[in-house]
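Take a look at the structure below.
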Amino acid sequence: MIMVKKFRKIWPLLPAAIYLLVFLIIVITYLLIMSFSGSDGSFPSLEPIQTVIRMPKFRDALLNTFLFVLFGTPVELLAGLLLALLIYQSFRWRNIVRSIFIIPVAIPGLVTATLLFILFDTHGGFINHLLMGKYSFFPGIISSSIDWRGTKFFSLGLSLMGKVWRDMPISMLILLAGLNSIDPQLFDAAKTMGAGIRQRIRHIIIPLIIPSISAVVLLRSIEMWKEFIFPYILAGRYNLLGTLIESLYINWSGKYENGAALVALILLICIIVSALIFIWLIDLLRRLLSDIER
Amino acid sequence: MRPVRKIPRSKYKTVIWMCGIVIVLIFILVPVYLLVKYSISDTASINTGGSPVPLWPYHPTLRCFIYLFQDFEFWGVVLNSFIIAISTVALSMALGVPASYVLARQQIPGKKIILLSLISIRLFPDISSVIPVATFFIKINVHSSLFGVILAHTLLSLPYVIFIGVSAFENIPRDIEEQATVMGANGFQIFFRILLPLAVPGLVAAAIYTFLLSWDEFIFAHFLLHPSGRLLTLTLYLKQKLTFQPPQNLLAAISVCLSIPVIIFTLLVQRQMISGITMGSVK
């Protein structure tokens, strides 16, 4: 009787719950089974691991992705911090400026990538013309066209730039929420009690802003690991893990299907490991800081 | 509103701050301008034969848009994207709204854990979860169909709908329900006549968010429609054109068509969406 009553209360939850849980189970089991299946359908098999590890492409992609995360995350944090600090204090056009600051995230990533594709075209691209000094308002820096999409450094750098440009409003919003949570009264109270600028920064601003900074770094680094669309459009020849998964699954018409699943699993593991390391580091930092206080 | 703190700033600081604002505005607005500029460029303004690309087209023209709007294939593609997006909204609202009502209003043990485990599917990167989903869809024969993409996009949007929906229902004061119960309304009446209308603003934001998510989604559409090649969404259409290196003005025009609904809607529901976006970064 009690069960029936309970069921009556919660049945509207069930369709959504079942839908999501079924997909969750499918994703986990298929990922694991495919990663350890041979091409002849045998399970368990180490064949995908052997194939993938022997691929020079895989090692390159892993390293590229690692560097992408390592450089991209701080750049995005700084960009977000810059934007947040610029519009933290109120001024006359603040709401309009904030709306404009949000525009990049409102443009689909594919469109931003396409625009960069057009602007950084090797022959007749706007950026090459600009850097070659063809406009009177900009000095010439290079003498011949740069093949932006053809070299590893430039194509991945371009992808990174596009990614940062598109996502900096998100970092900005998180940091702005953190900054706004600092109550000015707290500040004034500390001042009345005789806290100097240094003490106020150390005891109020830093502890209150560190949570939102670490949130940005954690979330952004995860985003960087799984980046797909920018390198897919702009760095066709140089893979990140995301684009490697795509090319293994799609371009080889099923031959490396299991390999693709394995790389997808490896990407997932990379994300979890890097998130855990980061959380551990933050914890360490916090303990270190409180030790110094004493 | 946050209380405004007035700090006397020196002129020197103000100048630096204004320079910062201007530089960032240029950095954001110039690419947007260039996209629009390319979309209304005539051929001579793109293939300049060595002379610099003009900052404003020699002869601005809407030719690319007219070409697109007269193209039967383009309309088919837009229709596909539209059908997928609308169906995704319908399906994820139908599943998500009742679920978020229960999570917001009923006493369930371990509510937080349930909510977290429902959202946990979004912790997988799209590019990882798309492989199992595509393989499974081939097996159950919904691969290469709009229906499959709708199911996948619902999977992506449902956690957001539940998340936004829970807070929409939680913001409604409980007194209203109690009064309605006293006056003799039953559960269905309370939900459909009272709670649902009050939750509409938040739910509309969730619906718009879902529409946009589906409208500019690329990865799942690409994996689920790929081998057929006949069914395209707007994003796939743009990517296909990109591979064939068509004139840049056409690429830009397609991009503008793809972006316009997204930009308008995002700016319209900016406030409600901020929570969605910050939560979106958890995906």
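Labels used: A, B, ... for chains in the order of the structure tokens, numbers from 1 for residues in each chain, and numbers from 1 for ligands as shown.
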
Tell me as a list in words which residues belonging to chain A come within 6 Å of chain B, counting only C-alpha atoms.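 Matching residues, ligands excluded from the count: Pro12, Leu13, Ala16, Leu24, Val27, Tyr30, Leu31, Ala106, Ile107, Val111, His129, Lys134 and Ala264 of chain A.
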
Write down as a ChimeraX atom specification the residues of segment 53-255 of chain A whose backbone DSSP state falls under helix (DSSP H, G or I). /A:53-54,56-86,94-106,109-119,126-131,152-180,184-192,197-225,229-234,241-251

In Å, how far is it from atom CA of Ser157 of chain B to atom CA of Ala90 of chain B?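 Here the two named atoms are 11.1 Å from each other.
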
Between B:Trp56, B:Tyr209, B:Phe74, B:Phe220, which one has atoms that come closest to Ala44 of chain B, using only C-alpha atoms?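 That would be B:Trp56, the residue with the smallest distance to Ala44 of chain B.
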
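In terms of minimum interatomic distance to Tyr238 of chain A, A:Arg149 ranks closest within A:Arg98, A:Arg286, A:Lys226, A:Arg149, counting only C-alpha atoms.
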